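Engineer: What follows is the file work06.pdb, containing PDB, N, CA and C atoms:
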ATOM      1  N   MET A   1      90.737   3.272  83.139
ATOM      2  CA  MET A   1      91.625   3.354  84.288
ATOM      3  C   MET A   1      92.275   1.997  84.559
ATOM      4  N   VAL A   2      91.479   0.957  84.501
ATOM      5  CA  VAL A   2      91.990  -0.387  84.773
ATOM      6  C   VAL A   2      93.095  -0.746  83.791
ATOM      7  N   PHE A   3      92.864  -0.476  82.521
ATOM      8  CA  PHE A   3      93.846  -0.838  81.514
ATOM      9  C   PHE A   3      95.105   0.020  81.618
ATOM     10  N   VAL A   4      94.949   1.241  82.096
ATOM     11  CA  VAL A   4      96.111   2.110  82.288
ATOM     12  C   VAL A   4      97.018   1.533  83.368
ATOM     13  N   VAL A   5      96.431   1.150  84.487
ATOM     14  CA  VAL A   5      97.225   0.593  85.597
ATOM     15  C   VAL A   5      97.895  -0.697  85.165
ATOM     16  N   GLN A   6      97.141  -1.576  84.555
ATOM     17  CA  GLN A   6      97.720  -2.839  84.099
ATOM     18  C   GLN A   6      98.791  -2.600  83.044
ATOM     19  N   GLY A   7      98.538  -1.640  82.155
ATOM     20  CA  GLY A   7      99.522  -1.317  81.122
ATOM     21  C   GLY A   7     100.814  -0.788  81.711
ATOM     22  N   LEU A   8     100.709   0.088  82.705
ATOM     23  CA  LEU A   8     101.912   0.620  83.360
ATOM     24  C   LEU A   8     102.707  -0.493  84.031
ATOM     25  N   LEU A   9     102.000  -1.373  84.705
ATOM     26  CA  LEU A   9     102.689  -2.487  85.361
ATOM     27  C   LEU A   9     103.367  -3.392  84.334
ATOM     28  N   ASP A  10     102.620  -3.764  83.287
ATOM     29  CA  ASP A  10     103.134  -4.734  82.315
ATOM     30  C   ASP A  10     104.199  -4.170  81.380
ATOM     31  N   THR A  11     104.058  -2.897  80.988
ATOM     32  CA  THR A  11     104.989  -2.370  79.987
ATOM     33  C   THR A  11     106.129  -1.550  80.562
ATOM     34  N   PHE A  12     105.978  -1.058  81.797
ATOM     35  CA  PHE A  12     107.035  -0.204  82.336
ATOM     36  C   PHE A  12     107.639  -0.753  83.625
ATOM     37  N   LEU A  13     106.814  -0.902  84.639
ATOM     38  CA  LEU A  13     107.337  -1.214  85.971
ATOM     39  C   LEU A  13     107.956  -2.607  86.064
ATOM     40  N   ILE A  14     107.244  -3.619  85.605
ATOM     41  CA  ILE A  14     107.766  -4.995  85.728
ATOM     42  C   ILE A  14     109.013  -5.197  84.860
ATOM     43  N   PRO A  15     109.017  -4.773  83.583
ATOM     44  CA  PRO A  15     110.251  -4.947  82.793
ATOM     45  C   PRO A  15     111.440  -4.165  83.350
ATOM     46  N   LYS A  16     111.202  -2.957  83.860
ATOM     47  CA  LYS A  16     112.300  -2.150  84.413
ATOM     48  C   LYS A  16     112.844  -2.761  85.697
ATOM     49  N   ALA A  17     112.019  -3.511  86.392
ATOM     50  CA  ALA A  17     112.432  -4.115  87.658
ATOM     51  C   ALA A  17     113.145  -5.445  87.451
ATOM     52  N   SER A  18     113.376  -5.847  86.227
ATOM     53  CA  SER A  18     113.972  -7.163  85.980
ATOM     54  C   SER A  18     115.405  -7.259  86.505
ATOM     55  N   ASN A  19     116.054  -6.112  86.793
ATOM     56  CA  ASN A  19     117.407  -6.145  87.357
ATOM     57  C   ASN A  19     117.406  -6.567  88.814
ATOM     58  N   SER A  20     116.278  -6.378  89.474
ATOM     59  CA  SER A  20     116.184  -6.698  90.895
ATOM     60  C   SER A  20     115.026  -7.668  91.108
ATOM     61  N   GLU A  21     115.342  -8.841  91.594
ATOM     62  CA  GLU A  21     114.317  -9.865  91.826
ATOM     63  C   GLU A  21     113.273  -9.376  92.832
ATOM     64  N   GLU A  22     113.729  -8.650  93.853
ATOM     65  CA  GLU A  22     112.815  -8.151  94.879
ATOM     66  C   GLU A  22     111.816  -7.147  94.293
ATOM     67  N   SER A  23     112.300  -6.235  93.457
ATOM     68  CA  SER A  23     111.402  -5.256  92.830
ATOM     69  C   SER A  23     110.425  -5.945  91.898
ATOM     70  N   ARG A  24     110.931  -6.889  91.113
ATOM     71  CA  ARG A  24     110.066  -7.607  90.168
ATOM     72  C   ARG A  24     108.958  -8.351  90.923
ATOM     73  N   ASP A  25     109.321  -9.015  92.009
ATOM     74  CA  ASP A  25     108.322  -9.724  92.810
ATOM     75  C   ASP A  25     107.293  -8.757  93.379
ATOM     76  N   PHE A  26     107.756  -7.586  93.810
ATOM     77  CA  PHE A  26     106.850  -6.586  94.369
ATOM     78  C   PHE A  26     105.813  -6.160  93.329
ATOM     79  N   TYR A  27     106.280  -5.826  92.116
ATOM     80  CA  TYR A  27     105.357  -5.367  91.075
ATOM     81  C   TYR A  27     104.433  -6.491  90.599
ATOM     82  N   LEU A  28     104.960  -7.699  90.511
ATOM     83  CA  LEU A  28     104.096  -8.827  90.130
ATOM     84  C   LEU A  28     103.024  -9.061  91.200
ATOM     85  N   GLY A  29     103.417  -8.940  92.466
ATOM     86  CA  GLY A  29     102.445  -9.061  93.551
ATOM     87  C   GLY A  29     101.407  -7.962  93.483
ATOM     88  N   MET A  30     101.862  -6.753  93.153
ATOM     89  CA  MET A  30     100.935  -5.627  93.037
ATOM     90  C   MET A  30      99.917  -5.896  91.929
ATOM     91  N   ARG A  31     100.404  -6.411  90.795
ATOM     92  CA  ARG A  31      99.495  -6.707  89.683
ATOM     93  C   ARG A  31      98.482  -7.775  90.099
ATOM     94  N   GLY A  32      98.952  -8.799  90.796
ATOM     95  CA  GLY A  32      98.045  -9.854  91.252
ATOM     96  C   GLY A  32      97.009  -9.339  92.231
ATOM     97  N   GLU A  33      97.444  -8.496  93.175
ATOM     98  CA  GLU A  33      96.499  -7.922  94.133
ATOM     99  C   GLU A  33      95.495  -7.015  93.436
ATOM    100  N   PHE A  34      95.965  -6.247  92.468
ATOM    101  CA  PHE A  34      95.074  -5.346  91.727
ATOM    102  C   PHE A  34      94.010  -6.157  90.992
ATOM    103  N   GLU A  35      94.428  -7.240  90.343
ATOM    104  CA  GLU A  35      93.460  -8.084  89.630
ATOM    105  C   GLU A  35      92.486  -8.739  90.610
ATOM    106  N   GLY A  36      92.988  -9.129  91.782
ATOM    107  CA  GLY A  36      92.108  -9.696  92.805
ATOM    108  C   GLY A  36      91.081  -8.682  93.284
ATOM    109  N   HIS A  37      91.526  -7.435  93.481
ATOM    110  CA  HIS A  37      90.600  -6.379  93.897
ATOM    111  C   HIS A  37      89.562  -6.117  92.809
ATOM    112  N   LEU A  38      89.997  -6.148  91.562
ATOM    113  CA  LEU A  38      89.050  -5.935  90.466
ATOM    114  C   LEU A  38      87.988  -7.031  90.439
ATOM    115  N   ALA A  39      88.423  -8.272  90.633
ATOM    116  CA  ALA A  39      87.471  -9.383  90.653
ATOM    117  C   ALA A  39      86.517  -9.240  91.833
ATOM    118  N   GLU A  40      87.061  -8.856  92.973
ATOM    119  CA  GLU A  40      86.233  -8.661  94.167
ATOM    120  C   GLU A  40      85.247  -7.517  93.942
ATOM    121  N   PHE A  41      85.715  -6.444  93.339
ATOM    122  CA  PHE A  41      84.851  -5.293  93.071
ATOM    123  C   PHE A  41      83.738  -5.678  92.098
ATOM    124  N   SER A  42      84.088  -6.434  91.057
ATOM    125  CA  SER A  42      83.080  -6.863  90.085
ATOM    126  C   SER A  42      82.014  -7.707  90.765
ATOM    127  N   ALA A  43      82.449  -8.626  91.616
ATOM    128  CA  ALA A  43      81.490  -9.498  92.307
ATOM    129  C   ALA A  43      80.615  -8.687  93.259
ATOM    130  N   SER A  44      81.219  -7.753  94.016
ATOM    131  CA  SER A  44      80.432  -6.980  94.972
ATOM    132  C   SER A  44      79.508  -6.001  94.272
ATOM    133  N   SER A  45      79.939  -5.438  93.151
ATOM    134  CA  SER A  45      79.069  -4.492  92.453
ATOM    135  C   SER A  45      77.907  -5.224  91.779
ATOM    136  N   ASP A  46      78.133  -6.468  91.364
ATOM    137  CA  ASP A  46      77.032  -7.258  90.798
ATOM    138  C   ASP A  46      75.991  -7.557  91.864
ATOM    139  N   GLU A  47      76.458  -7.839  93.081
ATOM    140  CA  GLU A  47      75.553  -8.189  94.172
ATOM    141  C   GLU A  47      74.860  -6.962  94.759
ATOM    142  N   GLU A  48      75.584  -5.836  94.846
ATOM    143  CA  GLU A  48      75.081  -4.675  95.557
ATOM    144  C   GLU A  48      74.570  -3.558  94.658
ATOM    145  N   GLY A  49      74.685  -3.703  93.379
ATOM    146  CA  GLY A  49      74.302  -2.618  92.487
ATOM    147  C   GLY A  49      75.309  -1.496  92.572
ATOM    148  N   ASP A  50      74.919  -0.309  93.018
ATOM    149  CA  ASP A  50      75.825   0.836  93.130
ATOM    150  C   ASP A  50      76.598   0.843  94.441
ATOM    151  N   GLY A  51      76.396  -0.110  95.310
ATOM    152  CA  GLY A  51      77.089  -0.157  96.595
ATOM    153  C   GLY A  51      78.574  -0.373  96.461
ATOM    154  N   GLY A  52      79.041  -0.764  95.290
ATOM    155  CA  GLY A  52      80.466  -0.990  95.075
ATOM    156  C   GLY A  52      81.256   0.293  94.913
ATOM    157  N   GLU A  53      80.597   1.435  94.863
ATOM    158  CA  GLU A  53      81.292   2.713  94.681
ATOM    159  C   GLU A  53      82.267   2.993  95.830
ATOM    160  N   GLU A  54      81.845   2.705  97.053
ATOM    161  CA  GLU A  54      82.736   2.909  98.201
ATOM    162  C   GLU A  54      83.984   2.036  98.083
ATOM    163  N   GLU A  55      83.795   0.819  97.626
ATOM    164  CA  GLU A  55      84.922  -0.094  97.435
ATOM    165  C   GLU A  55      85.855   0.447  96.357
ATOM    166  N   LEU A  56      85.294   0.987  95.302
ATOM    167  CA  LEU A  56      86.107   1.558  94.230
ATOM    168  C   LEU A  56      86.932   2.736  94.748
ATOM    169  N   VAL A  57      86.334   3.604  95.542
ATOM    170  CA  VAL A  57      87.050   4.743  96.124
ATOM    171  C   VAL A  57      88.180   4.246  97.021
ATOM    172  N   ARG A  58      87.903   3.230  97.827
ATOM    173  CA  ARG A  58      88.922   2.672  98.708
ATOM    174  C   ARG A  58      90.076   2.067  97.903
ATOM    175  N   LEU A  59      89.732   1.338  96.853
ATOM    176  CA  LEU A  59      90.760   0.719  96.026
ATOM    177  C   LEU A  59      91.604   1.763  95.302
ATOM    178  N   ARG A  60      90.968   2.818  94.822
ATOM    179  CA  ARG A  60      91.722   3.887  94.156
ATOM    180  C   ARG A  60      92.697   4.535  95.133
ATOM    181  N   SER A  61      92.236   4.763  96.349
ATOM    182  CA  SER A  61      93.088   5.362  97.367
ATOM    183  C   SER A  61      94.274   4.447  97.675
ATOM    184  N   GLU A  62      93.998   3.175  97.804
ATOM    185  CA  GLU A  62      95.064   2.202  98.073
ATOM    186  C   GLU A  62      96.050   2.154  96.918
ATOM    187  N   LEU A  63      95.543   2.188  95.706
ATOM    188  CA  LEU A  63      96.409   2.147  94.527
ATOM    189  C   LEU A  63      97.277   3.401  94.450
ATOM    190  N   GLU A  64      96.704   4.562  94.742
ATOM    191  CA  GLU A  64      97.487   5.795  94.734
ATOM    192  C   GLU A  64      98.602   5.741  95.769
ATOM    193  N   GLU A  65      98.308   5.200  96.928
ATOM    194  CA  GLU A  65      99.326   5.073  97.977
ATOM    195  C   GLU A  65     100.437   4.127  97.535
ATOM    196  N   ARG A  66     100.048   3.022  96.926
ATOM    197  CA  ARG A  66     101.057   2.072  96.442
ATOM    198  C   ARG A  66     101.914   2.700  95.346
ATOM    199  N   ASN A  67     101.288   3.473  94.461
ATOM    200  CA  ASN A  67     102.040   4.144  93.403
ATOM    201  C   ASN A  67     103.020   5.150  93.989
ATOM    202  N   ARG A  68     102.592   5.855  95.037
ATOM    203  CA  ARG A  68     103.471   6.813  95.689
ATOM    204  C   ARG A  68     104.673   6.090  96.307
ATOM    205  N   VAL A  69     104.402   4.983  96.980
ATOM    206  CA  VAL A  69     105.477   4.207  97.600
ATOM    207  C   VAL A  69     106.413   3.651  96.531
ATOM    208  N   CYS A  70     105.853   3.161  95.442
ATOM    209  CA  CYS A  70     106.673   2.616  94.342
ATOM    210  C   CYS A  70     107.583   3.692  93.767
ATOM    211  N   ALA A  71     107.036   4.890  93.550
ATOM    212  CA  ALA A  71     107.840   5.981  93.010
ATOM    213  C   ALA A  71     108.964   6.346  93.976
ATOM    214  N   GLU A  72     108.663   6.359  95.261
ATOM    215  CA  GLU A  72     109.678   6.668  96.262
ATOM    216  C   GLU A  72     110.769   5.598  96.265
ATOM    217  N   LEU A  73     110.363   4.329  96.217
ATOM    218  CA  LEU A  73     111.340   3.240  96.197
ATOM    219  C   LEU A  73     112.172   3.260  94.922
ATOM    220  N   GLN A  74     111.539   3.582  93.797
ATOM    221  CA  GLN A  74     112.261   3.650  92.526
ATOM    222  C   GLN A  74     113.330   4.740  92.601
ATOM    223  N   GLY A  75     112.975   5.891  93.197
ATOM    224  CA  GLY A  75     113.948   6.973  93.354
ATOM    225  C   GLY A  75     115.117   6.559  94.224
ATOM    226  N   LYS A  76     114.832   5.866  95.319
ATOM    227  CA  LYS A  76     115.903   5.395  96.207
ATOM    228  C   LYS A  76     116.779   4.369  95.499
ATOM    229  N   TYR A  77     116.143   3.479  94.743
ATOM    230  CA  TYR A  77     116.870   2.451  93.997
ATOM    231  C   TYR A  77     117.823   3.104  92.998
ATOM    232  N   GLU A  78     117.335   4.111  92.268
ATOM    233  CA  GLU A  78     118.182   4.793  91.296
ATOM    234  C   GLU A  78     119.318   5.542  91.985
ATOM    235  N   SER A  79     119.050   6.113  93.160
ATOM    236  CA  SER A  79     120.085   6.814  93.921
ATOM    237  C   SER A  79     121.176   5.839  94.356
ATOM    238  N   VAL A  80     120.779   4.674  94.830
ATOM    239  CA  VAL A  80     121.753   3.660  95.255
ATOM    240  C   VAL A  80     122.576   3.183  94.064
ATOM    241  N   LEU A  81     121.937   3.005  92.915
ATOM    242  CA  LEU A  81     122.681   2.597  91.723
ATOM    243  C   LEU A  81     123.720   3.652  91.340
ATOM    244  N   GLU A  82     123.343   4.920  91.419
ATOM    245  CA  GLU A  82     124.275   5.999  91.096
ATOM    246  C   GLU A  82     125.430   6.024  92.089
ATOM    247  N   GLN A  83     125.140   5.862  93.376
ATOM    248  CA  GLN A  83     126.202   5.828  94.386
ATOM    249  C   GLN A  83     127.144   4.658  94.127
ATOM    250  N   ASN A  84     126.587   3.528  93.749
ATOM    251  CA  ASN A  84     127.392   2.349  93.436
ATOM    252  C   ASN A  84     128.299   2.620  92.231
ATOM    253  N   ARG A  85     127.752   3.294  91.216
ATOM    254  CA  ARG A  85     128.538   3.615  90.023
ATOM    255  C   ARG A  85     129.704   4.530  90.390
ATOM    256  N   VAL A  86     129.449   5.532  91.229
ATOM    257  CA  VAL A  86     130.493   6.466  91.644
ATOM    258  C   VAL A  86     131.578   5.736  92.434
ATOM    259  N   LEU A  87     131.175   4.856  93.347
ATOM    260  CA  LEU A  87     132.161   4.102  94.133
ATOM    261  C   LEU A  87     133.005   3.188  93.249
ATOM    262  N   GLU A  88     132.362   2.544  92.286
ATOM    263  CA  GLU A  88     133.114   1.675  91.374
ATOM    264  C   GLU A  88     134.138   2.488  90.578
ATOM    265  N   GLU A  89     133.758   3.679  90.140
ATOM    266  CA  GLU A  89     134.677   4.535  89.401
ATOM    267  C   GLU A  89     135.849   4.957  90.289
ATOM    268  N   LYS A  90     135.569   5.312  91.535
ATOM    269  CA  LYS A  90     136.644   5.683  92.462
ATOM    270  C   LYS A  90     137.595   4.512  92.695
ATOM    271  N   LEU A  91     137.034   3.304  92.846
ATOM    272  CA  LEU A  91     137.881   2.121  93.030
ATOM    273  C   LEU A  91     138.754   1.868  91.808
ATOM    274  N   ARG A  92     138.199   2.075  90.616
ATOM    275  CA  ARG A  92     138.979   1.917  89.392
ATOM    276  C   ARG A  92     140.142   2.902  89.365
ATOM    277  N   VAL A  93     139.872   4.141  89.737
ATOM    278  CA  VAL A  93     140.929   5.162  89.743
ATOM    279  C   VAL A  93     141.990   4.813  90.772
ATOM    280  N   ILE A  94     141.559   4.420  91.967
ATOM    281  CA  ILE A  94     142.510   4.081  93.030
ATOM    282  C   ILE A  94     143.364   2.882  92.630
ATOM    283  N   SER A  95     142.742   1.870  92.049
ATOM    284  CA  SER A  95     143.500   0.668  91.694
ATOM    285  C   SER A  95     144.453   0.911  90.525
ATOM    286  N   SER A  96     144.182   1.938  89.706
ATOM    287  CA  SER A  96     145.073   2.211  88.581
ATOM    288  C   SER A  96     146.247   3.103  88.975
ATOM    289  N   CYS A  97     146.165   3.736  90.139
ATOM    290  CA  CYS A  97     147.263   4.594  90.615
ATOM    291  C   CYS A  97     148.348   3.743  91.263
ATOM    292  N   LYS A  98     149.578   4.115  90.987
ATOM    293  CA  LYS A  98     150.701   3.436  91.639
ATOM    294  C   LYS A  98     151.170   4.338  92.766
ATOM    295  N   GLY A  99     151.282   3.766  93.916
ATOM    296  CA  GLY A  99     151.761   4.524  95.069
ATOM    297  C   GLY A  99     153.277   4.579  95.073
ATOM    298  N   PRO A 100     153.860   5.275  96.033
ATOM    299  CA  PRO A 100     155.321   5.329  96.126
ATOM    300  C   PRO A 100     155.904   3.943  96.417
ATOM    301  N   GLU A 101     157.075   3.725  95.887
ATOM    302  CA  GLU A 101     157.739   2.437  96.112
ATOM    303  C   GLU A 101     158.105   2.330  97.585
ATOM    304  N   ARG A 102     157.850   1.209  98.158
ATOM    305  CA  ARG A 102     158.182   0.982  99.546
ATOM    306  C   ARG A 102     159.435   0.092  99.608
ATOM    307  N   PRO A 103     160.363   0.492 100.458
ATOM    308  CA  PRO A 103     161.578  -0.357 100.564
ATOM    309  C   PRO A 103     161.222  -1.679 101.224
ATOM    310  N   ALA A 104     161.908  -2.698 100.827
ATOM    311  CA  ALA A 104     161.707  -4.018 101.401
ATOM    312  C   ALA A 104     162.209  -4.007 102.850
ATOM    313  N   LEU A 105     161.508  -4.680 103.691
ATOM    314  CA  LEU A 105     161.925  -4.778 105.085
ATOM    315  C   LEU A 105     163.027  -5.820 105.208
ATOM    316  N   SER A 106     164.061  -5.485 105.949
ATOM    317  CA  SER A 106     165.140  -6.464 106.140
ATOM    318  C   SER A 106     165.172  -6.859 107.613
ATOM    319  N   ASN A 107     165.485  -8.095 107.846
ATOM    320  CA  ASN A 107     165.544  -8.605 109.228
ATOM    321  C   ASN A 107     166.953  -8.766 109.662
TER     322      ASN A 107
END
Go through the file and emit its structure as structure tokens.

Structural biologist:
Amino acid sequence: MVFVVQGLLDTFLIPKASNSEESRDFYLGMRGEFEGHLAEFSASSDEEGDGGEEELVRLRSELEERNRVCAELQGKYESVLEQNRVLEEKLRVISSCKGPERPALSN
């Protein structure tokens, strides 16, 4: 499970977010927090024996929530990119059209 999460972050999410500095920072922060939680879990499970199970359940729940939020943000990001593409195309069409000739104003 650990390697799957890290693999998804390293091979898919972080490289895909390279177009947006904010997204890239978010995923890098997520990876750092995940590694911190893993280190904390390892230390607590060494000290408590099986008592770390509750921490693992909590961390899994937190990770699932973050993944849900990431997927939602990714969908919104892609929607905004598509809207931007459509607007750029409309601007290209408008700028290539010639309107009716306007007579010069005389004073």

Engineer: Quick one: what's the axis-aligned box for segment 53-72 of chain A, all listed atoms, 8 Å on every side, centre and edges in Å to one decimal, as JSON?

Structural biologist:
{"center_x": 95.7, "center_y": 3.4, "center_z": 95.9, "size_x": 46.2, "size_y": 22.9, "size_z": 21.7}

Engineer: Rank nothing, just name the residue among A:Leu56, A:Ser96, A:Ile14, A:Leu91 nearest to Tyr27 of chain A, using all atoms listed in the file.

Structural biologist: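 That would be A:Ile14, the residue with the smallest distance to Tyr27 of chain A.
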
Engineer: Any idea what the distance is between atom C of Arg24 of chain A and atom N of Leu87 of chain A?

Structural biologist: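 Computed distance, atom C of Arg24 of chain A to atom N of Leu87 of chain A, equals 26.0 Å.
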
Engineer: What does the distance between atom C of Gly75 of chain A and atom C of Asp25 of chain A come to in Å, to one decimal place?

Structural biologist: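 A separation of 17.2 Å between them.
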
Engineer: Determine the nearest neighbour of Glu64 of chain A from the options A:Ile94, A:Val80, A:Leu28, A:Val5, counting only C-alpha atoms.

Structural biologist: A:Val5

Engineer: Could you tell me which residues the PyMOL selection byres (((chain A and resi 17 and name CA) around 12) and name CA) grabs in this file, written as a list in words?

Structural biologist: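 This file, filtered by the PyMOL selection byres (((chain A and resi 17 and name CA) around 12) and name CA), leaves Leu9, Asp10, Thr11, Phe12, Leu13, Ile14, Pro15, Lys16, Ser18, Asn19, Ser20, Glu21, Glu22, Ser23, Arg24, Asp25, Phe26, Tyr27, Leu28, Cys70, Leu73, Gln74, Tyr77 and Glu78 of chain A.
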
Engineer: So what do you get for atom CA of Leu81 of chain A versus atom C of Val69 of chain A, distance-wise?

Structural biologist: 17.0 Å

Engineer: Taking the DSSP assignment computed from this structure's backbone, write out as JSON, numbers by chain all residues of segment 9-92 of chain A that belong to alpha helix (DSSP H).

Structural biologist: {"A": [14, 15, 16, 21, 22, 23, 24, 25, 26, 27, 28, 29, 30, 31, 32, 33, 34, 35, 36, 37, 38, 39, 40, 41, 42, 43, 44, 45, 46, 47, 48, 53, 54, 55, 56, 57, 58, 59, 60, 61, 62, 63, 64, 65, 66, 67, 68, 69, 70, 71, 72, 73, 74, 75, 76, 77, 78, 79, 80, 81, 82, 83, 84, 85, 86, 87, 88, 89, 90, 91, 92]}

Engineer: Measuring atom to atom with only C-alpha atoms, identify which of A:Lys76, A:Arg66, A:Arg60, A:Arg85 is nearest to His37 of chain A.

Structural biologist: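 Result for the nearest residue to His37 of chain A: A:Arg60.
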